[in-house]
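Novice: Contents are PDB, C-alpha atoms; file name structure_21.pdb:
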ATOM      1  CA  MET A   1      -0.965 -19.439  14.283
ATOM      2  CA  SER A   2       0.142 -20.269  17.779
ATOM      3  CA  LEU A   3      -1.059 -20.884  21.318
ATOM      4  CA  LYS A   4      -1.540 -17.146  21.741
ATOM      5  CA  ASP A   5      -4.302 -17.410  19.115
ATOM      6  CA  CYS A   6      -6.127 -20.020  21.232
ATOM      7  CA  LYS A   7      -8.349 -18.391  23.805
ATOM      8  CA  ILE A   8     -11.455 -18.615  25.923
ATOM      9  CA  ILE A   9     -14.353 -16.707  24.350
ATOM     10  CA  ASP A  10     -17.395 -15.650  26.366
ATOM     11  CA  LEU A  11     -20.685 -16.267  24.604
ATOM     12  CA  PRO A  12     -23.860 -14.183  24.900
ATOM     13  CA  LYS A  13     -25.973 -15.183  27.888
ATOM     14  CA  ILE A  14     -29.588 -14.162  28.298
ATOM     15  CA  VAL A  15     -31.005 -14.823  31.759
ATOM     16  CA  ASP A  16     -34.568 -14.415  32.964
ATOM     17  CA  HIS A  17     -36.930 -16.137  35.408
ATOM     18  CA  ARG A  18     -37.390 -19.048  32.953
ATOM     19  CA  GLY A  19     -33.687 -19.898  32.807
ATOM     20  CA  SER A  20     -30.666 -19.054  30.692
ATOM     21  CA  LEU A  21     -30.059 -19.076  26.948
ATOM     22  CA  THR A  22     -26.720 -18.923  25.158
ATOM     23  CA  PHE A  23     -26.331 -18.690  21.394
ATOM     24  CA  ILE A  24     -23.519 -18.726  18.840
ATOM     25  CA  GLU A  25     -23.498 -16.982  15.488
ATOM     26  CA  GLU A  26     -20.708 -17.922  13.108
ATOM     27  CA  SER A  27     -18.112 -15.255  12.410
ATOM     28  CA  SER A  28     -19.808 -13.065  15.027
ATOM     29  CA  HIS A  29     -19.016 -14.885  18.279
ATOM     30  CA  ILE A  30     -16.302 -17.231  17.029
ATOM     31  CA  PRO A  31     -13.630 -16.362  14.452
ATOM     32  CA  PHE A  32     -14.657 -18.808  11.713
ATOM     33  CA  ASP A  33     -17.633 -20.106   9.757
ATOM     34  CA  ILE A  34     -19.051 -23.352  11.137
ATOM     35  CA  LYS A  35     -18.913 -26.272   8.699
ATOM     36  CA  ARG A  36     -19.252 -29.213  11.102
ATOM     37  CA  VAL A  37     -20.654 -29.852  14.572
ATOM     38  CA  TYR A  38     -20.067 -32.925  16.713
ATOM     39  CA  TYR A  39     -20.073 -33.816  20.383
ATOM     40  CA  LEU A  40     -18.321 -36.172  22.761
ATOM     41  CA  TYR A  41     -20.320 -37.920  25.481
ATOM     42  CA  ASP A  42     -20.330 -41.095  27.590
ATOM     43  CA  VAL A  43     -16.542 -40.732  27.943
ATOM     44  CA  PRO A  44     -15.367 -43.376  30.450
ATOM     45  CA  GLY A  45     -13.481 -42.138  33.513
ATOM     46  CA  GLY A  46      -9.749 -41.833  32.911
ATOM     47  CA  SER A  47     -10.107 -41.644  29.117
ATOM     48  CA  VAL A  48      -8.188 -39.156  26.981
ATOM     49  CA  ARG A  49      -9.695 -37.800  23.770
ATOM     50  CA  GLY A  50      -8.228 -35.635  21.052
ATOM     51  CA  GLY A  51      -4.561 -36.445  20.630
ATOM     52  CA  HIS A  52      -4.192 -34.627  17.323
ATOM     53  CA  ALA A  53      -3.705 -31.301  15.578
ATOM     54  CA  HIS A  54      -5.466 -29.919  12.531
ATOM     55  CA  ILE A  55      -3.377 -28.535   9.697
ATOM     56  CA  GLU A  56      -5.952 -25.925   8.590
ATOM     57  CA  GLN A  57      -9.140 -26.324  10.613
ATOM     58  CA  HIS A  58     -10.147 -24.322  13.680
ATOM     59  CA  GLU A  59     -12.295 -25.697  16.501
ATOM     60  CA  PHE A  60     -14.397 -24.218  19.283
ATOM     61  CA  LEU A  61     -15.045 -26.474  22.299
ATOM     62  CA  ILE A  62     -17.842 -25.961  24.821
ATOM     63  CA  ALA A  63     -18.653 -27.951  27.955
ATOM     64  CA  VAL A  64     -22.436 -28.054  27.493
ATOM     65  CA  ASN A  65     -22.687 -30.387  30.488
ATOM     66  CA  GLY A  66     -20.200 -31.323  33.192
ATOM     67  CA  SER A  67     -16.544 -30.465  32.807
ATOM     68  CA  PHE A  68     -13.267 -31.535  31.221
ATOM     69  CA  ASP A  69      -9.758 -30.209  30.648
ATOM     70  CA  VAL A  70      -8.207 -29.269  27.319
ATOM     71  CA  ILE A  71      -4.421 -29.451  27.106
ATOM     72  CA  LEU A  72      -2.877 -27.448  24.263
ATOM     73  CA  LYS A  73       0.731 -28.054  23.240
ATOM     74  CA  GLU A  74       3.111 -26.145  21.027
ATOM     75  CA  GLY A  75       6.776 -27.036  21.159
ATOM     76  CA  SER A  76       7.807 -27.077  24.818
ATOM     77  CA  THR A  77       4.840 -24.921  25.878
ATOM     78  CA  GLN A  78       1.737 -26.535  27.359
ATOM     79  CA  VAL A  79      -1.463 -24.813  28.540
ATOM     80  CA  ARG A  80      -4.379 -26.467  30.375
ATOM     81  CA  HIS A  81      -7.901 -25.025  30.227
ATOM     82  CA  HIS A  82     -10.701 -26.297  32.469
ATOM     83  CA  LEU A  83     -14.066 -26.018  30.713
ATOM     84  CA  ASN A  84     -17.113 -26.292  32.953
ATOM     85  CA  ARG A  85     -19.720 -23.756  31.778
ATOM     86  CA  SER A  86     -21.883 -23.620  28.665
ATOM     87  CA  CYS A  87     -21.624 -19.819  28.326
ATOM     88  CA  TYR A  88     -18.017 -19.816  27.106
ATOM     89  CA  GLY A  89     -15.776 -21.988  24.987
ATOM     90  CA  LEU A  90     -12.210 -22.470  23.852
ATOM     91  CA  HIS A  91     -11.096 -21.484  20.365
ATOM     92  CA  ILE A  92      -8.292 -23.739  19.107
ATOM     93  CA  SER A  93      -6.441 -22.482  16.054
ATOM     94  CA  GLU A  94      -4.882 -24.649  13.382
ATOM     95  CA  MET A  95      -1.535 -26.377  14.021
ATOM     96  CA  THR A  96      -2.216 -26.685  17.752
ATOM     97  CA  TRP A  97      -1.939 -30.085  19.443
ATOM     98  CA  ARG A  98      -4.867 -30.855  21.736
ATOM     99  CA  GLU A  99      -5.768 -33.517  24.268
ATOM    100  CA  LEU A 100      -8.919 -33.694  26.404
ATOM    101  CA  ASP A 101      -8.982 -35.400  29.796
ATOM    102  CA  ASN A 102     -10.426 -35.187  33.304
ATOM    103  CA  PHE A 103     -14.012 -35.706  32.084
ATOM    104  CA  SER A 104     -16.630 -35.484  34.819
ATOM    105  CA  ALA A 105     -19.492 -37.984  34.889
ATOM    106  CA  GLY A 106     -22.143 -37.027  32.347
ATOM    107  CA  SER A 107     -19.986 -34.452  30.605
ATOM    108  CA  ILE A 108     -20.719 -33.407  27.035
ATOM    109  CA  CYS A 109     -18.168 -31.609  24.858
ATOM    110  CA  LEU A 110     -19.684 -29.753  21.905
ATOM    111  CA  VAL A 111     -17.236 -29.066  19.062
ATOM    112  CA  LEU A 112     -17.793 -26.512  16.302
ATOM    113  CA  ASN A 113     -15.363 -26.990  13.414
ATOM    114  CA  SER A 114     -14.364 -24.761  10.507
ATOM    115  CA  GLY A 115     -14.206 -27.632   8.004
ATOM    116  CA  LEU A 116     -15.876 -30.815   6.928
ATOM    117  CA  TYR A 117     -14.266 -34.062   8.076
ATOM    118  CA  ASP A 118     -11.037 -34.567   6.129
ATOM    119  CA  GLU A 119      -8.562 -37.147   7.418
ATOM    120  CA  SER A 120      -5.737 -35.429   5.506
ATOM    121  CA  ASP A 121      -6.193 -32.362   7.769
ATOM    122  CA  TYR A 122      -5.262 -34.383  10.874
ATOM    123  CA  ILE A 123      -1.820 -34.920  12.387
ATOM    124  CA  ARG A 124      -2.261 -37.841  14.794
ATOM    125  CA  ASP A 125       1.361 -38.492  15.783
ATOM    126  CA  TYR A 126       2.863 -36.021  18.244
ATOM    127  CA  LYS A 127       6.450 -36.595  17.062
ATOM    128  CA  GLN A 128       5.365 -35.833  13.490
ATOM    129  CA  PHE A 129       3.548 -32.714  14.759
ATOM    130  CA  GLU A 130       6.708 -31.541  16.558
ATOM    131  CA  LYS A 131       8.764 -31.975  13.373
ATOM    132  CA  ILE A 132       6.253 -30.011  11.301
ATOM    133  CA  PHE A 133       5.944 -27.344  14.006
ATOM    134  CA  ARG A 134       9.739 -26.899  14.099
ATOM    135  CA  GLY A 135       9.882 -26.894  10.300
ATOM    136  CA  ASP A 136      11.920 -30.139  10.149
ATOM    137  CA  GLN A 137       9.405 -31.946   7.894
TER     138      GLN A 137
END
Once more with this new file: its structure as structure tokens, please.
Specialist:
Amino acid sequence: MSLKDCKIIDLPKIVDHRGSLTFIEESSHIPFDIKRVYYLYDVPGGSVRGGHAHIEQHEFLIAVNGSFDVILKEGSTQVRHHLNRSCYGLHISEMTWRELDNFSAGSICLVLNSGLYDESDYIRDYKQFEKIFRGDQ
């Protein structure tokens, strides 16, 4: 997988006089089955979250409130996505380095994950990630 496999995905949005509703159905709206859900909130100004890659797991990030940026890195390529709406999200494929920053006050980042928590699936050192990505292991 590569950065080209990471993309913004629009979610269904139903709007009527009572407000809006967005829903997500696994394998229908996002390209994986959901095994874990978590969210980031009360992130202090100037903080950076993420700072890792997953070896096998996929993630789908949604700004359910406020906004934040997601920086994806692969080799010398870097892409920044600004998430600020709850009707779309960012699919991040495996072996993609991610960092989250620029959190607005009151922002909430909802994360849907393809796997249960498994520390062995994380690469938390960027230099190690670069070596694995290049095949230098």
Novice: Would you give me, as a tab-separated table, each residue of stretch 71-106 of chain A having an atom within 10 Å of an atom of stretch 44-47 of chain A, along with its shortest atom pair and that distance in Å to one decimal, using all atoms listed in the file and sorting by chain and residue number?
Specialist:
residue	atom	partner	partner_atom	distance
A:Leu100	CA	A:Ser47	CA	8.5
A:Asp101	CA	A:Ser47	CA	6.4
A:Asn102	CA	A:Gly46	CA	6.7
A:Phe103	CA	A:Gly45	CA	6.6
A:Ser104	CA	A:Gly45	CA	7.5
A:Ala105	CA	A:Gly45	CA	7.4
A:Gly106	CA	A:Pro44	CA	9.5
Novice: Evaluating the PyMOL selection byres ((chain A and resi 92) around 12) on the displayed file yields which residues, as a VMD selection string?
Specialist: chain A and resid 1 to 9 30 to 32 52 to 62 70 to 74 79 81 89 to 91 93 to 99 111 to 114
Novice: Taking the file as shown, what set of residues would the PyMOL selection byres ((chain A and resi 64) around 7) give back, as a PyMOL selection string?
Specialist: chain A and resi 62-63+65-66+85-86+108-110
Novice: What does the distance between atom CA of A:Tyr117 and atom CA of A:Glu26 come to in Å, to one decimal place?
Specialist: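 For atom CA of A:Tyr117 relative to atom CA of A:Glu26, the distance reads 18.1 Å.
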Novice: What is the atom CA of A:Ile24 to atom CA of A:Asp69 distance in Å?
Specialist: 21.5 Å
Novice: Which value, in Å to one decimal, gives the distance between atom CA of A:Ile14 and atom CA of A:Arg80?
Specialist: 28.1 Å
